[in-house]
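J.: Data file input-v6.txt (compact mmCIF, C-alpha atoms) is appended below.
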```txt
# COMPACT_ATOMS: atom_id res chain seq x y z
CA MET A 1 -87.31 -205.22 117.08
CA LYS A 2 -87.63 -201.42 116.91
CA ASP A 3 -90.29 -198.94 117.93
CA SER A 4 -91.58 -196.03 115.90
CA SER A 5 -88.69 -193.82 117.06
CA ASN A 6 -86.11 -196.35 115.78
CA ARG A 7 -84.89 -197.25 119.24
CA ALA A 8 -83.78 -200.85 119.60
CA HIS A 9 -85.20 -202.42 122.73
CA LYS A 10 -82.92 -203.70 125.44
CA SER A 11 -83.60 -207.32 126.40
CA VAL A 12 -84.05 -208.78 129.87
CA ARG A 13 -80.87 -210.16 131.41
CA ARG A 14 -82.39 -211.33 134.70
CA VAL A 15 -85.10 -210.52 137.24
CA ARG A 16 -84.29 -210.34 140.95
CA THR A 17 -87.15 -211.52 143.19
CA ASP A 18 -87.54 -212.76 146.78
CA LEU A 19 -85.01 -210.22 148.00
CA PRO A 20 -83.48 -210.77 151.46
CA SER A 21 -84.22 -208.24 154.19
CA HIS A 22 -82.22 -206.91 157.13
CA TRP A 23 -81.93 -203.87 159.38
CA VAL A 24 -79.34 -201.16 158.78
CA GLY A 25 -78.69 -199.71 162.20
CA ASP A 26 -81.96 -199.34 164.10
CA GLY A 27 -83.58 -196.94 161.65
CA PHE A 28 -83.81 -198.68 158.28
CA PRO A 29 -85.43 -202.07 157.65
CA VAL A 30 -84.34 -202.74 154.05
CA LEU A 31 -84.62 -205.13 151.14
CA SER A 32 -81.15 -205.94 149.83
CA VAL A 33 -81.82 -205.53 146.11
CA PHE A 34 -78.14 -206.21 145.38
CA SER A 35 -74.79 -205.75 147.08
CA PRO A 36 -71.09 -206.11 146.21
CA ARG A 37 -71.52 -209.81 147.00
CA THR A 38 -74.71 -210.41 144.99
CA GLY A 39 -74.34 -207.79 142.25
CA SER A 40 -72.51 -208.07 138.95
CA LYS A 41 -70.55 -206.07 136.39
CA ALA A 42 -73.82 -205.80 134.46
CA LEU A 43 -75.01 -203.27 137.07
CA SER A 44 -71.84 -201.10 137.05
CA PRO A 45 -71.32 -198.34 138.12
CA PHE A 46 -73.82 -199.30 140.86
CA VAL A 47 -72.52 -201.75 143.46
CA LEU A 48 -75.26 -201.75 146.11
CA PHE A 49 -78.98 -201.01 146.36
CA ASP A 50 -80.96 -201.11 149.61
CA TYR A 51 -84.67 -200.29 149.57
CA ALA A 52 -86.40 -199.37 152.81
CA ALA A 53 -90.06 -200.08 152.11
CA PRO A 54 -92.65 -197.99 154.00
CA HIS A 55 -92.27 -198.63 157.74
CA ARG A 56 -94.06 -196.91 160.59
CA PHE A 57 -91.93 -195.59 163.45
CA GLU A 58 -93.49 -194.47 166.71
CA PRO A 59 -92.37 -191.20 168.35
CA SER A 60 -89.13 -191.52 170.28
CA LYS A 61 -86.84 -189.44 172.45
CA THR A 62 -83.75 -191.04 170.90
CA PRO A 63 -82.98 -190.66 167.17
CA ARG A 64 -82.80 -193.90 165.20
CA GLY A 65 -80.47 -194.52 162.28
CA VAL A 66 -76.85 -195.39 161.63
CA GLY A 67 -74.14 -193.81 163.79
CA ALA A 68 -70.71 -192.69 162.64
CA HIS A 69 -69.09 -195.17 160.24
CA PRO A 70 -66.41 -194.89 157.51
CA HIS A 71 -66.60 -195.07 153.72
CA ARG A 72 -63.97 -194.94 150.99
CA GLY A 73 -63.87 -195.37 147.22
CA PHE A 74 -67.48 -194.75 146.18
CA GLU A 75 -70.57 -192.54 146.56
CA THR A 76 -73.74 -193.05 148.58
CA VAL A 77 -77.00 -191.80 147.09
CA THR A 78 -80.06 -191.56 149.34
CA VAL A 79 -83.52 -190.95 147.86
CA VAL A 80 -86.26 -190.17 150.40
CA TYR A 81 -89.90 -190.92 149.57
CA ALA A 82 -91.40 -190.51 153.05
CA GLY A 83 -89.99 -189.36 156.38
CA GLU A 84 -87.02 -187.12 157.06
CA LEU A 85 -83.28 -187.79 157.47
CA GLU A 86 -80.31 -185.81 158.72
CA HIS A 87 -76.74 -186.32 157.46
CA ARG A 88 -73.46 -185.27 159.08
CA ASP A 89 -69.89 -186.19 158.11
CA SER A 90 -66.28 -185.66 159.12
CA ALA A 91 -65.64 -183.39 156.12
CA GLY A 92 -67.95 -180.81 157.71
CA ASN A 93 -70.95 -181.48 155.46
CA GLY A 94 -74.49 -181.91 156.69
CA GLY A 95 -78.07 -181.61 155.61
CA ARG A 96 -81.69 -182.57 156.13
CA ILE A 97 -83.80 -184.18 153.41
CA GLY A 98 -87.47 -185.06 153.20
CA PRO A 99 -89.89 -186.50 150.63
CA GLY A 100 -88.59 -186.07 147.08
CA ASP A 101 -85.11 -184.97 148.18
CA VAL A 102 -81.78 -186.68 147.48
CA GLN A 103 -78.39 -186.72 149.22
CA TRP A 104 -75.37 -187.54 147.05
CA MET A 105 -72.27 -188.07 149.19
CA THR A 106 -68.89 -188.72 147.57
CA ALA A 107 -66.71 -190.58 150.07
CA ALA A 108 -63.73 -190.77 147.65
CA ARG A 109 -60.52 -190.91 149.75
CA GLY A 110 -62.55 -191.41 152.88
CA LEU A 111 -64.67 -189.95 155.66
CA PHE A 112 -66.90 -190.89 158.56
CA HIS A 113 -70.59 -190.03 158.42
CA GLU A 114 -73.90 -190.74 160.08
CA GLU A 115 -77.46 -190.92 158.81
CA MET A 116 -80.21 -190.50 161.38
CA HIS A 117 -83.92 -189.85 161.52
CA SER A 118 -84.32 -186.09 161.86
CA GLU A 119 -85.10 -184.51 165.22
CA ARG A 120 -88.61 -183.67 164.04
CA PHE A 121 -89.32 -187.14 162.64
CA THR A 122 -87.96 -188.72 165.83
CA ARG A 123 -90.23 -186.54 167.96
CA GLU A 124 -93.38 -186.94 165.86
CA GLY A 125 -92.93 -190.43 164.38
CA GLY A 126 -94.33 -191.42 161.02
CA THR A 127 -93.66 -193.52 157.94
CA MET A 128 -90.16 -193.83 156.50
CA GLU A 129 -89.52 -194.94 152.91
CA MET A 130 -86.22 -194.49 151.11
CA ALA A 131 -83.66 -196.02 148.80
CA GLN A 132 -79.89 -195.97 149.14
CA LEU A 133 -77.51 -196.81 146.32
CA TRP A 134 -73.74 -197.06 146.20
CA VAL A 135 -72.11 -195.75 143.02
CA ASN A 136 -68.57 -196.89 142.31
CA LEU A 137 -65.86 -194.38 141.50
CA PRO A 138 -63.17 -194.99 138.87
CA ALA A 139 -59.65 -195.53 140.23
CA ARG A 140 -58.63 -192.01 139.20
CA ALA A 141 -61.32 -190.50 141.48
CA LYS A 142 -61.00 -192.75 144.55
CA SER A 143 -58.34 -190.49 146.07
CA ASP A 144 -60.24 -187.23 145.45
CA PRO A 145 -61.42 -185.11 148.40
CA PRO A 146 -64.86 -186.02 149.81
CA ALA A 147 -67.84 -184.02 148.51
CA TYR A 148 -71.53 -183.63 149.24
CA GLN A 149 -74.59 -182.65 147.21
CA ASP A 150 -77.94 -181.74 148.75
CA ILE A 151 -80.37 -182.18 145.86
CA LEU A 152 -83.74 -180.89 147.00
CA ALA A 153 -86.92 -181.87 145.17
CA ALA A 154 -87.37 -178.39 143.69
CA ARG A 155 -84.08 -178.78 141.77
CA ILE A 156 -84.99 -182.11 140.16
CA PRO A 157 -86.47 -181.63 136.65
CA ARG A 158 -89.54 -183.57 135.64
CA VAL A 159 -90.13 -185.01 132.18
CA GLU A 160 -93.75 -185.68 131.26
CA LEU A 161 -94.53 -189.02 129.65
CA GLU A 162 -97.79 -190.22 128.14
CA GLY A 163 -99.59 -191.43 131.25
CA GLY A 164 -96.76 -190.66 133.64
CA HIS A 165 -93.52 -188.81 134.35
CA LEU A 166 -89.84 -189.13 135.25
CA ARG A 167 -87.86 -187.14 137.81
CA LEU A 168 -84.29 -186.87 136.55
CA ILE A 169 -81.86 -187.08 139.49
CA ALA A 170 -78.82 -187.86 137.34
CA GLY A 171 -78.20 -188.36 133.65
CA THR A 172 -79.70 -186.97 130.47
CA TYR A 173 -83.10 -187.91 129.02
CA ARG A 174 -83.33 -187.52 125.26
CA SER A 175 -86.85 -187.45 123.86
CA ALA A 176 -87.80 -188.94 120.50
CA ALA A 177 -87.91 -185.37 119.18
CA GLY A 178 -84.33 -184.76 120.29
CA ALA A 179 -85.00 -182.54 123.32
CA GLU A 180 -82.59 -183.11 126.23
CA THR A 181 -83.18 -182.72 129.96
CA THR A 182 -80.41 -183.40 132.47
CA GLY A 183 -80.59 -184.12 136.18
CA PRO A 184 -78.66 -181.92 138.66
CA ALA A 185 -76.35 -184.55 140.20
CA ARG A 186 -72.65 -184.15 139.43
CA THR A 187 -71.14 -187.57 138.72
CA ALA A 188 -67.61 -188.90 138.13
CA THR A 189 -68.77 -191.10 135.25
CA PRO A 190 -72.03 -191.07 133.25
CA VAL A 191 -74.82 -192.22 135.59
CA ILE A 192 -78.57 -192.57 135.10
CA LEU A 193 -80.93 -192.29 138.08
CA TRP A 194 -84.56 -191.59 137.24
CA ASP A 195 -87.55 -191.73 139.59
CA GLY A 196 -90.73 -192.55 137.68
CA HIS A 197 -94.48 -193.12 137.69
CA LEU A 198 -96.83 -194.62 135.09
CA GLU A 199 -100.60 -194.95 135.27
CA ALA A 200 -102.18 -198.34 134.55
CA GLY A 201 -102.01 -199.11 130.82
CA ALA A 202 -99.33 -196.50 130.07
CA ARG A 203 -96.22 -197.46 128.11
CA ALA A 204 -92.80 -195.85 127.99
CA GLN A 205 -89.63 -196.24 125.98
CA LEU A 206 -86.86 -195.16 128.34
CA PRO A 207 -83.92 -193.89 126.25
CA ILE A 208 -80.70 -195.41 127.59
CA PRO A 209 -77.58 -195.40 125.39
CA ASP A 210 -76.31 -198.59 123.81
CA GLY A 211 -73.63 -200.15 126.00
CA TYR A 212 -74.95 -198.64 129.23
CA SER A 213 -76.07 -200.81 132.11
CA ALA A 214 -79.78 -200.47 132.86
CA ALA A 215 -82.12 -201.76 135.54
CA LEU A 216 -85.63 -200.94 136.75
CA PHE A 217 -86.90 -201.43 140.31
CA VAL A 218 -90.64 -201.43 141.02
CA ARG A 219 -91.64 -199.81 144.32
CA ARG A 220 -95.39 -200.21 143.80
CA GLY A 221 -97.59 -201.86 141.20
CA LYS A 222 -96.91 -204.34 138.41
CA ALA A 223 -95.23 -203.91 135.03
CA SER A 224 -94.43 -205.76 131.83
CA VAL A 225 -90.97 -205.11 130.40
CA ALA A 226 -89.14 -205.67 127.11
CA GLY A 227 -92.29 -206.09 125.04
CA GLY A 228 -93.93 -208.52 127.45
CA ALA A 229 -90.86 -210.69 127.98
CA LYS A 230 -91.19 -210.51 131.77
CA THR A 231 -93.65 -209.28 134.39
CA ILE A 232 -92.30 -207.76 137.59
CA GLY A 233 -94.05 -206.57 140.73
CA ALA A 234 -93.38 -204.49 143.80
CA GLY A 235 -90.01 -205.15 145.40
CA GLU A 236 -88.51 -206.69 142.25
CA LEU A 237 -85.71 -205.55 139.94
CA VAL A 238 -85.22 -206.26 136.25
CA GLU A 239 -81.72 -206.03 134.76
CA PHE A 240 -81.56 -205.24 131.05
CA THR A 241 -78.81 -206.15 128.63
CA PRO A 242 -76.47 -203.31 127.63
CA GLU A 243 -77.31 -203.78 123.94
CA GLY A 244 -80.11 -201.56 122.69
CA THR A 245 -81.06 -197.92 123.11
CA ALA A 246 -84.37 -198.09 124.99
CA ALA A 247 -85.83 -200.00 127.93
CA GLN A 248 -89.47 -200.79 127.30
CA VAL A 249 -91.97 -200.80 130.19
CA GLU A 250 -95.77 -201.09 130.33
CA ALA A 251 -97.74 -200.50 133.53
CA LEU A 252 -100.14 -203.40 134.14
CA GLU A 253 -101.12 -201.53 137.30
CA ALA A 254 -100.14 -197.99 138.27
CA ILE A 255 -96.43 -198.21 139.08
CA ASP A 256 -93.79 -196.21 140.92
CA PHE A 257 -90.29 -197.20 139.87
CA LEU A 258 -86.60 -196.29 139.91
CA VAL A 259 -84.36 -196.54 136.83
CA LEU A 260 -80.62 -196.92 137.36
CA GLY A 261 -77.70 -197.45 135.02
CA GLY A 262 -74.81 -195.77 133.30
CA GLU A 263 -71.49 -196.27 131.62
CA PRO A 264 -69.83 -199.34 133.17
CA ILE A 265 -66.50 -198.89 134.93
CA ASP A 266 -64.26 -201.58 133.47
CA GLU A 267 -61.93 -201.96 136.46
CA PRO A 268 -61.43 -204.60 139.17
CA ILE A 269 -63.60 -204.24 142.27
CA VAL A 270 -62.62 -205.38 145.76
CA ALA A 271 -65.26 -204.58 148.38
CA TYR A 272 -65.08 -205.08 152.12
CA GLY A 273 -67.70 -203.65 154.46
CA PRO A 274 -67.86 -199.89 153.86
CA PHE A 275 -64.95 -199.78 151.39
CA VAL A 276 -65.02 -200.28 147.59
CA MET A 277 -61.54 -200.26 146.05
CA ASN A 278 -59.58 -201.90 143.21
CA THR A 279 -57.14 -204.11 145.14
CA GLU A 280 -56.86 -206.03 148.41
CA ALA A 281 -53.92 -203.81 149.38
CA GLU A 282 -56.12 -200.72 149.08
CA ILE A 283 -58.74 -202.34 151.30
CA ASP A 284 -56.08 -203.13 153.91
CA GLN A 285 -54.92 -199.51 153.80
CA ALA A 286 -58.49 -198.23 154.16
CA ILE A 287 -58.96 -200.32 157.31
CA VAL A 288 -55.71 -199.02 158.80
CA ASP A 289 -56.57 -195.42 157.92
CA ALA A 290 -60.06 -195.71 159.45
CA GLN A 291 -58.76 -197.28 162.64
CA SER A 292 -55.91 -194.81 163.06
CA GLY A 293 -57.97 -191.67 162.52
CA ARG A 294 -56.46 -190.74 159.15
CA MET A 295 -59.82 -190.80 157.34
```
Transcribe the structure of this file into structure tokens.
T.:
Amino acid sequence: MKDSSNRAHKSVRRVRTDLPSHWVGDGFPVLSVFSPRTGSKALSPFVLFDYAAPHRFEPSKTPRGVGAHPHRGFETVTVVYAGELEHRDSAGNGGRIGPGDVQWMTAARGLFHEEMHSERFTREGGTMEMAQLWVNLPARAKSDPPAYQDILAARIPRVELEGGHLRLIAGTYRSAAGAETTGPARTATPVILWDGHLEAGARAQLPIPDGYSAALFVRRGKASVAGGAKTIGAGELVEFTPEGTAAQVEALEAIDFLVLGGEPIDEPIVAYGPFVMNTEAEIDQAIVDAQSGRM
């Protein structure tokens, strides 16, 4: 089946519903969309996705969040929709992000960091909504120095769709006419991360290269995907097959959504807590290095 722009539609591989919830620290009540334990190679290079649905926090004198903890072997990507966060890490990086902003932290060979509600948000209270994703690194990049990207909303290009739009955080969007727009995030392997909106009744063909992983998470609303093959609602994720060059979505209600995917990393994955490596021996070394202060 092809559309008028000769893009073959990706099919539905599976739909994730009834997602488990838990708290991360004392600042983020999240839905566990997938994790190293529940994910699959079909989602590579992504290995974890936590979604913190809108949650009201009362004013406090003590910042909430996640205190200093280690990471090695991957990248954390935090997208803020409401509220305000502050980041600080042992490589000397730090930043504050609010609605529409993104933090892209490359742990690589290892660091400690913390993510807390900002001083202002702590003092004033308000609604927090965000998503955090873990992006795997290929073996060749796991020993690179840590890095940090503050990607503020003003730097994120917007592509207009019929009845909606996409914000391109990472990856290149190629229109049917051949125009290309690329997100500002620097990535070790090709990664797609697009933040989108469609009005009720609008349809979109999301151009994703053949062979790439592709998934769509609905934050609000209801959508039909893959030519009506499945219907998904708020808090649900559809995984597409890698075959095909476009993911088809129709908004049955106005929807806000996140598209993620990219070129799969065809390497073994061994994950333990905050470490994502290729072998058990590398995990053991990461634990020793974290405990001995060498991270």
J.: Within 8 Å of stretch 177-181 of chain A, counting only C-alpha atoms, which residues qualify if same-chain residues fewer than 6 places away don't, as an NGL selection string?
T.: :A and (157 or 159 or 168)
J.: Using only C-alpha atoms for the distances, tell me which of A:Ala82, A:Val77, A:Ala214, A:Ile287 is nearest to A:Arg186.
T.: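 Among A:Ala82, A:Val77, A:Ala214, A:Ile287, it is A:Val77 that comes nearest to A:Arg186.
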J.: When distances are computed from all atoms listed in the file, which of A:Ala139, A:Val66, A:Leu260, A:Val218 shows the smallest separation from A:Thr279?
T.: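 Closest to A:Thr279, using all atoms listed in the file: A:Ala139.
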J.: Report, in Å to a single decimal, how far apart atom CA of A:Pro70 and atom CA of A:Ala290 are.
T.: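 Taking atom CA of A:Ala290 and atom CA of A:Pro70, their separation equals 6.7 Å.
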J.: Which is closer to A:Phe240 than all the others in A:Leu43, A:Val102, A:Val30, A:Leu198, using only C-alpha atoms?
T.: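 Closest to A:Phe240 of all the choices is A:Leu43.
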J.: Just want the 7 Å neighbourhood of A:His117, counted on all atoms listed in the file, with same-chain residues fewer than 3 positions away dropped. Output as a list in words.
T.: Pro63, Arg64, Gly65, Glu84, Leu85, Glu86, Phe121 and Thr122 of chain A
